[in-house]
file coords07.cif (mmCIF, C-alpha atoms and all ligand atoms)
data_upload
loop_
_atom_site.label_atom_id
_atom_site.label_comp_id
_atom_site.auth_asym_id
_atom_site.auth_seq_id
_atom_site.Cartn_x
_atom_site.Cartn_y
_atom_site.Cartn_z
CA MET A 1 -38.26 -15.01 -34.46
CA ASP A 2 -35.54 -16.78 -36.43
CA PHE A 3 -33.09 -14.35 -38.03
CA LYS A 4 -30.62 -15.25 -40.78
CA ILE A 5 -27.48 -13.12 -40.57
CA ALA A 6 -24.70 -13.14 -43.15
CA THR A 7 -21.37 -12.26 -41.54
CA ILE A 8 -18.37 -10.90 -43.40
CA PRO A 9 -15.52 -10.72 -40.88
CA GLY A 10 -13.14 -9.38 -43.56
CA ASP A 11 -9.57 -8.42 -42.67
CA GLY A 12 -7.41 -7.15 -39.82
CA ILE A 13 -9.48 -6.76 -36.64
CA GLY A 14 -12.66 -7.66 -38.57
CA PRO A 15 -12.87 -11.31 -37.42
CA ASP A 16 -12.30 -10.34 -33.75
CA ILE A 17 -14.99 -7.69 -33.61
CA VAL A 18 -17.58 -9.59 -35.67
CA ARG A 19 -17.18 -12.54 -33.32
CA GLU A 20 -18.10 -10.33 -30.37
CA GLY A 21 -21.05 -8.83 -32.28
CA CYS A 22 -22.40 -12.34 -32.95
CA ARG A 23 -21.99 -13.33 -29.29
CA VAL A 24 -24.01 -10.31 -28.26
CA LEU A 25 -26.76 -11.15 -30.79
CA GLU A 26 -26.84 -14.68 -29.42
CA ALA A 27 -27.26 -13.28 -25.91
CA VAL A 28 -30.11 -11.10 -27.22
CA GLY A 29 -31.66 -14.23 -28.72
CA LYS A 30 -31.51 -16.03 -25.37
CA LYS A 31 -32.97 -13.11 -23.47
CA PHE A 32 -35.80 -12.30 -25.86
CA GLY A 33 -36.56 -15.73 -27.35
CA HIS A 34 -35.12 -15.31 -30.86
CA SER A 35 -32.70 -17.50 -32.73
CA PHE A 36 -29.90 -16.22 -34.93
CA THR A 37 -28.37 -18.31 -37.69
CA PHE A 38 -25.02 -16.93 -38.84
CA THR A 39 -23.52 -17.73 -42.24
CA GLU A 40 -19.93 -16.58 -42.52
CA THR A 41 -18.77 -15.50 -45.94
CA LEU A 42 -15.76 -13.88 -47.60
CA ALA A 43 -15.06 -10.38 -48.87
CA GLY A 44 -12.06 -8.07 -49.10
CA GLY A 45 -8.48 -9.25 -48.70
CA ALA A 46 -9.55 -12.59 -47.22
CA ALA A 47 -11.62 -13.23 -50.37
CA ILE A 48 -8.75 -12.14 -52.65
CA ASP A 49 -6.44 -14.63 -50.93
CA ALA A 50 -8.99 -17.46 -51.16
CA THR A 51 -10.52 -16.80 -54.60
CA GLY A 52 -8.66 -13.95 -56.34
CA ASN A 53 -11.84 -11.84 -56.22
CA PRO A 54 -12.63 -9.24 -53.47
CA LEU A 55 -16.37 -9.96 -53.75
CA PRO A 56 -17.11 -13.52 -54.88
CA ALA A 57 -20.56 -14.24 -56.35
CA GLU A 58 -21.23 -16.71 -53.54
CA THR A 59 -20.82 -13.91 -50.98
CA LEU A 60 -23.42 -11.77 -52.71
CA ASP A 61 -25.74 -14.73 -52.88
CA VAL A 62 -25.44 -15.42 -49.14
CA CYS A 63 -25.94 -11.72 -48.35
CA LYS A 64 -29.02 -11.32 -50.53
CA LYS A 65 -30.65 -14.38 -48.94
CA SER A 66 -30.10 -13.12 -45.39
CA ASP A 67 -32.20 -10.84 -43.18
CA SER A 68 -29.14 -8.66 -42.56
CA VAL A 69 -25.43 -8.47 -43.22
CA LEU A 70 -22.81 -7.76 -40.56
CA LEU A 71 -19.47 -6.63 -41.98
CA GLY A 72 -16.28 -6.14 -39.94
CA ALA A 73 -13.83 -4.24 -42.13
CA VAL A 74 -11.74 -4.90 -45.21
CA GLY A 75 -8.29 -3.93 -46.42
CA GLY A 76 -4.71 -3.88 -45.25
CA PRO A 77 -1.16 -3.28 -46.43
CA LYS A 78 -0.90 -6.75 -47.95
CA TRP A 79 -3.31 -5.77 -50.74
CA ASP A 80 -2.43 -2.07 -51.09
CA ASN A 81 -0.57 -2.43 -54.38
CA LEU A 82 -3.36 -4.15 -56.30
CA PRO A 83 -5.19 -2.16 -59.01
CA GLY A 84 -8.45 -0.39 -57.98
CA SER A 85 -11.02 -3.00 -59.04
CA LYS A 86 -9.01 -5.82 -57.44
CA ARG A 87 -8.49 -4.09 -54.10
CA PRO A 88 -10.38 -5.18 -50.96
CA GLU A 89 -12.31 -1.86 -50.90
CA ALA A 90 -13.93 -2.78 -54.23
CA ALA A 91 -15.98 -5.26 -52.20
CA LEU A 92 -17.62 -2.41 -50.27
CA LEU A 93 -18.81 -0.55 -53.37
CA GLY A 94 -19.89 -3.84 -54.95
CA LEU A 95 -21.90 -4.84 -51.89
CA ARG A 96 -23.63 -1.44 -51.61
CA GLY A 97 -24.51 -1.43 -55.31
CA GLU A 98 -25.64 -5.05 -55.52
CA MET A 99 -27.64 -4.88 -52.30
CA LYS A 100 -29.16 -1.57 -53.49
CA VAL A 101 -28.62 0.10 -50.14
CA TYR A 102 -29.06 3.77 -51.00
CA ALA A 103 -29.22 5.35 -47.55
CA ASN A 104 -26.33 5.42 -45.12
CA LEU A 105 -27.21 6.12 -41.49
CA ARG A 106 -24.32 7.22 -39.32
CA PRO A 107 -24.94 8.22 -35.74
CA ALA A 108 -22.28 10.49 -34.23
CA LEU A 109 -22.80 9.94 -30.56
CA MET A 110 -20.57 11.17 -27.79
CA PHE A 111 -20.91 8.87 -24.81
CA LYS A 112 -20.98 10.98 -21.67
CA GLN A 113 -18.64 8.47 -20.04
CA LEU A 114 -16.07 9.24 -22.77
CA ALA A 115 -16.54 13.01 -22.93
CA SER A 116 -12.86 13.60 -22.19
CA ALA A 117 -11.97 12.04 -25.58
CA CYS A 118 -13.95 14.74 -27.41
CA PRO A 119 -11.54 17.21 -29.02
CA LEU A 120 -13.94 20.14 -28.51
CA LYS A 121 -14.00 22.35 -25.42
CA ALA A 122 -16.21 20.98 -22.64
CA GLU A 123 -18.56 23.98 -22.77
CA ILE A 124 -19.27 23.36 -26.48
CA VAL A 125 -20.49 19.82 -25.85
CA GLU A 126 -22.07 20.32 -22.44
CA ASP A 127 -25.47 19.40 -23.93
CA GLY A 128 -23.96 16.22 -25.37
CA LEU A 129 -23.53 15.25 -28.98
CA ASP A 130 -26.02 12.91 -30.59
CA ILE A 131 -26.43 13.42 -34.32
CA LEU A 132 -27.76 11.05 -36.96
CA ILE A 133 -26.47 11.73 -40.46
CA VAL A 134 -28.56 10.26 -43.27
CA ARG A 135 -26.37 10.25 -46.37
CA GLU A 136 -27.51 9.42 -49.88
CA LEU A 137 -25.22 6.56 -50.93
CA THR A 138 -25.75 5.50 -54.52
CA GLY A 139 -26.26 8.73 -56.49
CA GLY A 140 -24.97 12.25 -56.97
CA ILE A 141 -21.51 13.27 -58.09
CA TYR A 142 -19.88 9.96 -57.11
CA PHE A 143 -22.02 8.19 -59.68
CA GLY A 144 -22.70 10.99 -62.21
CA GLU A 145 -21.22 11.39 -65.64
CA ARG A 146 -17.52 12.21 -65.56
CA GLY A 147 -14.85 12.72 -68.12
CA ARG A 148 -11.87 14.58 -69.50
CA SER A 149 -11.41 16.70 -72.55
CA GLU A 150 -9.46 15.14 -75.40
CA ASP A 151 -6.38 17.19 -74.62
CA GLY A 152 -6.62 16.16 -70.95
CA THR A 153 -6.57 19.73 -69.66
CA THR A 154 -10.17 19.74 -68.37
CA ALA A 155 -12.05 17.23 -66.23
CA TRP A 156 -15.62 17.10 -64.91
CA ASP A 157 -17.93 15.19 -62.59
CA THR A 158 -21.69 15.68 -62.48
CA GLU A 159 -24.01 16.10 -59.52
CA LYS A 160 -27.36 14.77 -60.67
CA TYR A 161 -30.37 13.80 -58.53
CA SER A 162 -33.90 12.72 -59.36
CA ARG A 163 -36.93 13.52 -57.21
CA ASP A 164 -37.20 9.84 -56.28
CA GLU A 165 -33.59 9.60 -55.17
CA ILE A 166 -34.06 12.67 -52.99
CA SER A 167 -37.45 11.83 -51.54
CA ARG A 168 -36.43 8.38 -50.31
CA ILE A 169 -33.54 9.92 -48.33
CA VAL A 170 -35.57 12.83 -46.99
CA LYS A 171 -38.29 10.37 -45.94
CA ILE A 172 -35.77 8.42 -43.86
CA GLY A 173 -34.61 11.77 -42.45
CA PHE A 174 -38.14 12.74 -41.37
CA GLU A 175 -38.95 9.28 -40.02
CA SER A 176 -35.71 9.07 -38.06
CA ALA A 177 -36.35 12.55 -36.64
CA MET A 178 -39.82 11.39 -35.51
CA LYS A 179 -38.12 8.66 -33.43
CA ARG A 180 -35.59 11.12 -31.97
CA LYS A 181 -35.73 14.80 -31.04
CA LYS A 182 -37.94 15.69 -34.00
CA ARG A 183 -35.51 18.03 -35.74
CA LEU A 184 -34.38 17.57 -39.33
CA CYS A 185 -31.78 19.72 -41.06
CA VAL A 186 -31.36 19.27 -44.81
CA VAL A 187 -27.82 20.26 -45.75
CA ASP A 188 -27.17 21.52 -49.27
CA LYS A 189 -25.66 24.31 -51.34
CA ALA A 190 -28.93 25.70 -52.66
CA ASN A 191 -27.51 29.20 -53.10
CA ILE A 192 -25.36 27.81 -55.95
CA LEU A 193 -26.44 24.33 -57.05
CA GLU A 194 -29.59 23.55 -59.03
CA SER A 195 -29.57 19.98 -57.70
CA SER A 196 -29.66 21.39 -54.14
CA ARG A 197 -32.65 23.54 -55.08
CA LEU A 198 -34.43 20.33 -56.11
CA TRP A 199 -33.55 18.80 -52.72
CA ARG A 200 -35.31 21.78 -51.08
CA GLU A 201 -38.32 21.59 -53.40
CA VAL A 202 -38.80 17.89 -52.71
CA THR A 203 -38.35 18.40 -48.96
CA GLU A 204 -40.91 21.23 -48.96
CA SER A 205 -43.41 18.97 -50.75
CA MET A 206 -43.01 16.31 -48.03
CA LYS A 207 -42.91 18.36 -44.84
CA GLY A 208 -46.71 18.46 -44.51
CA ASN A 209 -46.64 14.73 -43.74
CA TYR A 210 -44.46 15.36 -40.70
CA PRO A 211 -45.95 18.37 -38.89
CA ALA A 212 -44.26 17.38 -35.64
CA VAL A 213 -40.79 17.70 -37.16
CA GLU A 214 -39.00 21.03 -36.97
CA LEU A 215 -37.40 21.36 -40.42
CA SER A 216 -34.44 23.56 -41.31
CA TYR A 217 -32.00 23.96 -44.17
CA MET A 218 -28.32 24.79 -43.95
CA TYR A 219 -25.61 25.40 -46.53
CA VAL A 220 -22.91 22.76 -46.33
CA ASP A 221 -20.09 25.20 -45.63
CA ASN A 222 -22.00 26.57 -42.65
CA ALA A 223 -22.89 23.01 -41.51
CA ALA A 224 -19.19 22.06 -41.50
CA MET A 225 -18.53 25.05 -39.25
CA GLN A 226 -21.57 24.52 -36.99
CA LEU A 227 -20.58 20.90 -36.35
CA VAL A 228 -17.55 22.11 -34.43
CA ARG A 229 -19.04 25.40 -33.15
CA ASN A 230 -22.33 24.11 -31.76
CA PRO A 231 -22.96 20.43 -32.59
CA GLY A 232 -25.76 20.19 -30.01
CA GLN A 233 -28.08 22.10 -32.37
CA PHE A 234 -28.33 19.06 -34.71
CA ASP A 235 -30.58 16.05 -34.35
CA VAL A 236 -30.95 14.47 -37.83
CA ILE A 237 -29.08 15.72 -40.90
CA ALA A 238 -30.14 14.51 -44.36
CA THR A 239 -27.85 15.23 -47.27
CA SER A 240 -26.37 14.18 -50.59
CA ASN A 241 -23.67 11.60 -51.14
CA MET A 242 -20.60 13.85 -51.22
CA PHE A 243 -21.72 16.29 -48.52
CA GLY A 244 -22.68 13.33 -46.30
CA ASP A 245 -19.35 11.63 -46.90
CA ILE A 246 -17.45 14.66 -45.65
CA LEU A 247 -19.78 15.74 -42.83
CA SER A 248 -20.17 12.25 -41.37
CA ASP A 249 -16.40 11.89 -41.04
CA GLU A 250 -16.18 15.30 -39.43
CA ALA A 251 -19.01 14.50 -37.01
CA SER A 252 -17.54 11.14 -36.04
CA GLN A 253 -14.13 12.63 -35.32
CA VAL A 254 -15.77 15.25 -33.13
CA THR A 255 -16.97 12.44 -30.83
CA GLY A 256 -13.33 11.41 -30.37
CA SER A 257 -13.96 7.66 -30.31
CA ILE A 258 -13.69 5.89 -33.66
CA GLY A 259 -13.95 2.51 -31.93
CA MET A 260 -17.48 3.35 -30.73
CA LEU A 261 -19.32 4.37 -33.90
CA ALA A 262 -21.77 2.27 -35.87
CA SER A 263 -23.37 2.56 -39.30
CA ALA A 264 -26.22 1.10 -41.31
CA SER A 265 -26.84 1.13 -45.05
CA LEU A 266 -30.45 0.53 -46.06
CA GLY A 267 -32.50 0.08 -49.22
CA ASP A 268 -36.22 -0.24 -49.92
CA SER A 269 -36.54 -3.85 -48.95
CA GLY A 270 -34.10 -6.67 -48.58
CA PRO A 271 -31.31 -6.95 -46.08
CA GLY A 272 -29.46 -3.96 -44.65
CA LEU A 273 -25.68 -3.76 -44.56
CA TYR A 274 -24.28 -3.03 -41.10
CA GLU A 275 -20.68 -2.12 -40.31
CA PRO A 276 -18.67 -0.16 -37.76
CA ILE A 277 -17.29 3.04 -39.28
CA HIS A 278 -13.65 2.23 -38.52
CA GLY A 279 -11.35 0.26 -40.79
CA SER A 280 -9.45 -2.99 -40.36
CA ALA A 281 -6.82 -1.44 -38.01
CA PRO A 282 -3.94 -3.64 -39.21
CA ASP A 283 -1.70 -2.15 -36.49
CA ILE A 284 -3.65 -3.96 -33.76
CA ALA A 285 -5.02 -6.97 -35.68
CA GLY A 286 -4.92 -10.30 -33.87
CA LYS A 287 -3.70 -8.73 -30.60
CA ASP A 288 -6.99 -8.73 -28.66
CA LEU A 289 -6.76 -4.92 -28.55
CA ALA A 290 -9.65 -3.90 -30.85
CA ASN A 291 -12.66 -2.19 -29.32
CA PRO A 292 -15.69 -4.35 -30.24
CA LEU A 293 -18.25 -1.77 -29.06
CA ALA A 294 -18.69 -0.10 -32.49
CA THR A 295 -19.63 -3.50 -33.90
CA ILE A 296 -21.88 -4.31 -30.94
CA LEU A 297 -23.65 -0.95 -31.39
CA THR A 298 -23.87 -1.75 -35.12
CA CYS A 299 -25.76 -4.91 -34.10
CA ALA A 300 -28.13 -2.69 -32.10
CA MET A 301 -28.80 -0.70 -35.31
CA MET A 302 -29.43 -3.96 -37.15
CA LEU A 303 -31.96 -4.99 -34.51
CA ARG A 304 -33.68 -1.60 -34.74
CA TYR A 305 -33.76 -0.97 -38.48
CA SER A 306 -33.80 -4.36 -40.23
CA LEU A 307 -35.05 -6.84 -37.64
CA LYS A 308 -37.65 -4.43 -36.20
CA ALA A 309 -36.60 -5.39 -32.68
CA GLU A 310 -36.54 -2.02 -30.92
CA ARG A 311 -36.71 -3.40 -27.38
CA GLU A 312 -33.74 -5.62 -28.13
CA ALA A 313 -31.78 -2.72 -29.67
CA VAL A 314 -32.39 -0.61 -26.58
CA ALA A 315 -31.24 -3.50 -24.38
CA VAL A 316 -27.92 -3.75 -26.27
CA GLU A 317 -27.35 0.00 -26.03
CA ALA A 318 -28.17 -0.07 -22.31
CA ALA A 319 -25.75 -2.97 -21.78
CA VAL A 320 -22.95 -1.00 -23.48
CA ALA A 321 -23.77 2.06 -21.35
CA ALA A 322 -23.74 -0.08 -18.17
CA VAL A 323 -20.30 -1.48 -19.01
CA LEU A 324 -18.96 2.04 -19.63
CA ASP A 325 -20.64 3.30 -16.44
CA ALA A 326 -18.82 0.58 -14.51
CA GLY A 327 -15.57 2.06 -15.83
CA TRP A 328 -14.52 -0.73 -18.25
CA ARG A 329 -12.49 0.47 -21.24
CA THR A 330 -10.51 -0.90 -24.17
CA GLY A 331 -7.15 0.73 -24.83
CA ASP A 332 -8.41 3.18 -27.48
CA ILE A 333 -10.91 4.76 -25.05
CA ALA A 334 -8.88 4.27 -21.88
CA GLY A 335 -8.18 7.96 -21.21
CA ASP A 336 -7.07 8.06 -17.58
CA ALA A 337 -8.84 4.82 -16.58
CA SER A 338 -7.05 2.71 -14.00
CA ARG A 339 -5.04 -0.18 -15.46
CA ASP A 340 -7.24 -2.87 -13.90
CA LYS A 341 -10.23 -1.52 -15.85
CA ILE A 342 -8.55 -1.76 -19.26
CA VAL A 343 -9.61 -4.90 -21.09
CA GLY A 344 -9.16 -6.62 -24.44
CA THR A 345 -11.64 -7.36 -27.23
CA LYS A 346 -12.93 -10.62 -25.87
CA LYS A 347 -13.31 -9.47 -22.28
CA MET A 348 -15.20 -6.37 -23.45
CA GLY A 349 -17.56 -8.70 -25.35
CA ASP A 350 -17.96 -10.84 -22.20
CA LEU A 351 -18.85 -7.76 -20.15
CA VAL A 352 -21.57 -6.65 -22.59
CA VAL A 353 -23.01 -10.18 -22.69
CA GLN A 354 -23.04 -10.29 -18.87
CA ALA A 355 -24.73 -6.88 -18.70
CA LEU A 356 -27.40 -8.11 -21.13
CA GLU A 357 -28.03 -11.21 -19.04
CA GLN A 358 -28.77 -9.17 -15.94
P1 LIG B 401 -8.63 2.40 -39.30
O1 LIG B 401 -9.99 2.84 -38.90
O2 LIG B 401 -8.47 0.95 -39.60
O3 LIG B 401 -7.58 2.77 -38.14
C1 LIG B 401 -7.32 4.11 -37.73
C2 LIG B 401 -6.77 4.09 -36.29
O4 LIG B 401 -7.82 3.79 -35.38
C3 LIG B 401 -5.70 3.02 -36.07
O5 LIG B 401 -4.74 3.50 -35.16
C4 LIG B 401 -6.45 1.87 -35.45
O6 LIG B 401 -5.67 1.05 -34.61
C5 LIG B 401 -7.54 2.60 -34.66
N1 LIG B 401 -8.78 1.80 -34.58
C6 LIG B 401 -9.69 1.62 -35.59
N2 LIG B 401 -10.68 0.81 -35.16
C7 LIG B 401 -10.39 0.51 -33.88
C8 LIG B 401 -11.04 -0.30 -32.90
N3 LIG B 401 -12.19 -0.93 -33.14
N4 LIG B 401 -10.47 -0.41 -31.69
C9 LIG B 401 -9.32 0.23 -31.40
N5 LIG B 401 -8.66 1.00 -32.27
C10 LIG B 401 -9.19 1.13 -33.51
O7 LIG B 401 -8.21 3.29 -40.55
P2 LIG B 401 -6.92 3.23 -41.48
O8 LIG B 401 -5.71 2.91 -40.64
O9 LIG B 401 -6.96 4.45 -42.27
O10 LIG B 401 -7.18 2.01 -42.47
C11 LIG B 401 -6.69 0.68 -42.26
C12 LIG B 401 -7.27 -0.22 -43.35
O11 LIG B 401 -8.71 -0.28 -43.22
C13 LIG B 401 -7.00 0.29 -44.76
O12 LIG B 401 -6.70 -0.83 -45.58
C14 LIG B 401 -8.29 0.94 -45.18
O13 LIG B 401 -8.49 0.92 -46.57
C15 LIG B 401 -9.29 0.04 -44.48
N6 LIG B 401 -10.62 0.68 -44.21
C16 LIG B 401 -11.69 -0.13 -44.34
C17 LIG B 401 -12.95 0.37 -44.05
C18 LIG B 401 -14.12 -0.55 -44.17
O14 LIG B 401 -13.94 -1.73 -44.32
N7 LIG B 401 -15.34 -0.04 -44.09
C19 LIG B 401 -13.10 1.69 -43.60
C20 LIG B 401 -11.96 2.47 -43.43
C21 LIG B 401 -10.70 1.96 -43.74
#
call {"tool": "encode", "arguments": {"input": "coords07.cif", "output": "structure tokens", "more": "lines below"}}
Ligand code: NAD
result
Amino acid sequence: MDFKIATIPGDGIGPDIVREGCRVLEAVGKKFGHSFTFTETLAGGAAIDATGNPLPAETLDVCKKSDSVLLGAVGGPKWDNLPGSKRPEAALLGLRGEMKVYANLRPALMFKQLASACPLKAEIVEDGLDILIVRELTGGIYFGERGRSEDGTTAWDTEKYSRDEISRIVKIGFESAMKRKKRLCVVDKANILESSRLWREVTESMKGNYPAVELSYMYVDNAAMQLVRNPGQFDVIATSNMFGDILSDEASQVTGSIGMLASASLGDSGPGLYEPIHGSAPDIAGKDLANPLATILTCAMMLRYSLKAEREAVAVEAAVAAVLDAGWRTGDIAGDASRDKIVGTKKMGDLVVQALEQ
């Protein structure tokens, strides 16, 4: 197959990690007989510097014509004082909206090799931690009607969901569960919120299509607690925009390794948007210190979800595991690794490529 990938290196460590992601995809191409054509384009601070606009029209055009988009990260202190719509982060919202990617998939995976970085007690995570959070991304309270009273003393935001908006997320939840441990937990606040009750109604109407999936519901306050009390009970969580925003950050921090976590944002058709969950890490930019593994694992998600190349995705994940098994670490995940096993961004990319070639 010939895959067209739009790359948006962005700012800070973005260019370093995207470069390694592309090298790994090229190695996948060699091994499995695909070709990847990369078109690099601008967004975020880099785009502001070059064009005055965080998301130039040309970038959107390149992204929409691709099979998938790989984004590094955007933002940094240089652009922090710009007004909201001119800031680098505006590019992220613009991309999600324009590409109509309504579902955000965020795996929170604790690698057994890095278990010592997990902030929870060892006995709590002895069964491992491997959760996929499916978050609704373009609806709910972040997009609902908002306002202030004339005298400014009252403000409101509105949580509003349609059946269609809910069912397309729950469907991804069920289908993802089918490919994993077959457990789906819909997180809501159905004891209080009418919109949550609709989430349950819609989910109930769909569950018959997935008899193999064990379905449960949990109130969001309890879910926040259970994620630190007994995270092993979760397989796939499907939830609304705001609840997913909060829970996915909590879940990723529980793994202890921000430099290892990937994400995918998907719509009905058209390209997916793939990015590591971390930011542009200005403190280590350009120093060959960034961990490229989150981006490399993001490429595995791209292979799996957009390029329908499951075998290839598994190969990338296995290569990362092999490198960790051999004891190689970047500084952020070094723990008590010996100094001769601590490597920079580029060397870590080399090691994954070598593991893939074996
Ligand atoms: P951050 O994720 O960039 O960094 C937090 C800490 O984690 C830093 O100490 C950093 O060095 C470290 N870190 C992050 N990724 C790493 C990696 N791959 N390897 C090694 N260490 C890594 O978050 P922040 O400091 O809050 O934000 C910095 C900038 O990034 C801000 O401008 C913020 O707006 C932006 N940001 C962008 C995105 C995005 O593009 N999706 C997401 C979050 C933050």
call {"tool": "atom_distance", "arguments": {"input": "coords07.cif", "atom1": "CA of Ile17 (chain A)", "atom2": "CA of Leu247 (chain A)"}}
result
25.6 Å
call {"tool": "closest_atom_pairs", "arguments": {"input": "coords07.cif", "of": "region 97-186 of chain A", "to": "region 325-346 of chain A", "cutoff": "9 Å", "atoms": "only C-alpha atoms", "output": "Markdown table"}}
result
| residue | atom | partner | partner_atom | distance |
| --- | --- | --- | --- | --- |
| A:Gln113 | CA | A:Asp325 | CA | 6.6 |
| A:Leu114 | CA | A:Ile333 | CA | 7.2 |
| A:Ser116 | CA | A:Gly335 | CA | 7.4 |
| A:Ala117 | CA | A:Gly335 | CA | 7.1 |
call {"tool": "residues_near_point", "arguments": {"input": "coords07.cif", "point": "(-23.5, -4.9, -49.7)", "cutoff": "12 Å", "atoms": "all atoms listed in the file", "output": "PyMOL selection string"}}
result
chain A and resi 6-8+43-44+55-57+59-66+68-71+89-104+137-138+264-267+270-275
call {"tool": "write_last_selection", "arguments": {"input": "coords07.cif", "atoms": "C-alpha atoms", "output": "mmCIF file, in the coordinates of the input"}}
result
data_model
loop_
_atom_site.group_PDB
_atom_site.id
_atom_site.type_symbol
_atom_site.label_atom_id
_atom_site.label_comp_id
_atom_site.auth_asym_id
_atom_site.auth_seq_id
_atom_site.Cartn_x
_atom_site.Cartn_y
_atom_site.Cartn_z
ATOM 1 C CA ALA A 6 -24.700 -13.140 -43.150
ATOM 2 C CA THR A 7 -21.370 -12.260 -41.540
ATOM 3 C CA ILE A 8 -18.370 -10.900 -43.400
ATOM 4 C CA ALA A 43 -15.060 -10.380 -48.870
ATOM 5 C CA GLY A 44 -12.060 -8.070 -49.100
ATOM 6 C CA LEU A 55 -16.370 -9.960 -53.750
ATOM 7 C CA PRO A 56 -17.110 -13.520 -54.880
ATOM 8 C CA ALA A 57 -20.560 -14.240 -56.350
ATOM 9 C CA THR A 59 -20.820 -13.910 -50.980
ATOM 10 C CA LEU A 60 -23.420 -11.770 -52.710
ATOM 11 C CA ASP A 61 -25.740 -14.730 -52.880
ATOM 12 C CA VAL A 62 -25.440 -15.420 -49.140
ATOM 13 C CA CYS A 63 -25.940 -11.720 -48.350
ATOM 14 C CA LYS A 64 -29.020 -11.320 -50.530
ATOM 15 C CA LYS A 65 -30.650 -14.380 -48.940
ATOM 16 C CA SER A 66 -30.100 -13.120 -45.390
ATOM 17 C CA SER A 68 -29.140 -8.660 -42.560
ATOM 18 C CA VAL A 69 -25.430 -8.470 -43.220
ATOM 19 C CA LEU A 70 -22.810 -7.760 -40.560
ATOM 20 C CA LEU A 71 -19.470 -6.630 -41.980
ATOM 21 C CA GLU A 89 -12.310 -1.860 -50.900
ATOM 22 C CA ALA A 90 -13.930 -2.780 -54.230
ATOM 23 C CA ALA A 91 -15.980 -5.260 -52.200
ATOM 24 C CA LEU A 92 -17.620 -2.410 -50.270
ATOM 25 C CA LEU A 93 -18.810 -0.550 -53.370
ATOM 26 C CA GLY A 94 -19.890 -3.840 -54.950
ATOM 27 C CA LEU A 95 -21.900 -4.840 -51.890
ATOM 28 C CA ARG A 96 -23.630 -1.440 -51.610
ATOM 29 C CA GLY A 97 -24.510 -1.430 -55.310
ATOM 30 C CA GLU A 98 -25.640 -5.050 -55.520
ATOM 31 C CA MET A 99 -27.640 -4.880 -52.300
ATOM 32 C CA LYS A 100 -29.160 -1.570 -53.490
ATOM 33 C CA VAL A 101 -28.620 0.100 -50.140
ATOM 34 C CA TYR A 102 -29.060 3.770 -51.000
ATOM 35 C CA ALA A 103 -29.220 5.350 -47.550
ATOM 36 C CA ASN A 104 -26.330 5.420 -45.120
ATOM 37 C CA LEU A 137 -25.220 6.560 -50.930
ATOM 38 C CA THR A 138 -25.750 5.500 -54.520
ATOM 39 C CA ALA A 264 -26.220 1.100 -41.310
ATOM 40 C CA SER A 265 -26.840 1.130 -45.050
ATOM 41 C CA LEU A 266 -30.450 0.530 -46.060
ATOM 42 C CA GLY A 267 -32.500 0.080 -49.220
ATOM 43 C CA GLY A 270 -34.100 -6.670 -48.580
ATOM 44 C CA PRO A 271 -31.310 -6.950 -46.080
ATOM 45 C CA GLY A 272 -29.460 -3.960 -44.650
ATOM 46 C CA LEU A 273 -25.680 -3.760 -44.560
ATOM 47 C CA TYR A 274 -24.280 -3.030 -41.100
ATOM 48 C CA GLU A 275 -20.680 -2.120 -40.310
#
call {"tool": "residues_around", "arguments": {"input": "coords07.cif", "residues": "Ala212 (chain A)", "least_positions_apart": "3", "cutoff": "12 Å", "atoms": "all atoms listed in the file", "output": "ChimeraX atom specification"}}
result
/A:174-175,177-184,207-209,215
call {"tool": "write_last_selection", "arguments": {"input": "coords07.cif", "atoms": "C-alpha atoms", "output": "CSV table (one decimal), keeping the file's coordinate frame"}}
result
chain,number,residue,atom,x,y,z
A,174,PHE,CA,-38.1,12.7,-41.4
A,175,GLU,CA,-39.0,9.3,-40.0
A,177,ALA,CA,-36.4,12.6,-36.6
A,178,MET,CA,-39.8,11.4,-35.5
A,179,LYS,CA,-38.1,8.7,-33.4
A,180,ARG,CA,-35.6,11.1,-32.0
A,181,LYS,CA,-35.7,14.8,-31.0
A,182,LYS,CA,-37.9,15.7,-34.0
A,183,ARG,CA,-35.5,18.0,-35.7
A,184,LEU,CA,-34.4,17.6,-39.3
A,207,LYS,CA,-42.9,18.4,-44.8
A,208,GLY,CA,-46.7,18.5,-44.5
A,209,ASN,CA,-46.6,14.7,-43.7
A,215,LEU,CA,-37.4,21.4,-40.4
call {"tool": "residues_around", "arguments": {"input": "coords07.cif", "residues": "Gly29 (chain A)", "least_positions_apart": "2", "cutoff": "12 Å", "atoms": "only C-alpha atoms", "output": "list in words"}}
result
Met1, Asp2, Phe3, Cys22, Arg23, Val24, Leu25, Glu26, Ala27, Lys31, Phe32, Gly33, His34, Ser35, Phe36, Thr37, Leu303, Ala309, Glu312, Ala313, Ala315, Val316, Val353, Leu356 and Glu357 of chain A
call {"tool": "residues_around", "arguments": {"input": "coords07.cif", "residues": "Val186 (chain A)", "least_positions_apart": "3", "cutoff": "7 Å", "atoms": "all atoms listed in the file", "output": "list in words"}}
result
Ser216, Tyr217, Met218, Ile237, Ala238 and Thr239 of chain A
call {"tool": "atom_distance", "arguments": {"input": "coords07.cif", "atom1": "CA of Val228 (chain A)", "atom2": "CA of Met260 (chain A)"}}
result
19.1 Å
call {"tool": "residues_near_ligand", "arguments": {"input": "coords07.cif", "ligand": "ligand LIG 401 (chain B)", "cutoff": "8 Å", "atoms": "all atoms listed in the file", "output": "number ranges by chain"}}
result
A: 10, 12-13, 17, 71-77, 79-80, 88-89, 92, 258-260, 275-284, 289-295, 330-333
call {"tool": "atom_distance", "arguments": {"input": "coords07.cif", "atom1": "CA of Leu307 (chain A)", "atom2": "CA of Pro9 (chain A)"}}
result
20.2 Å
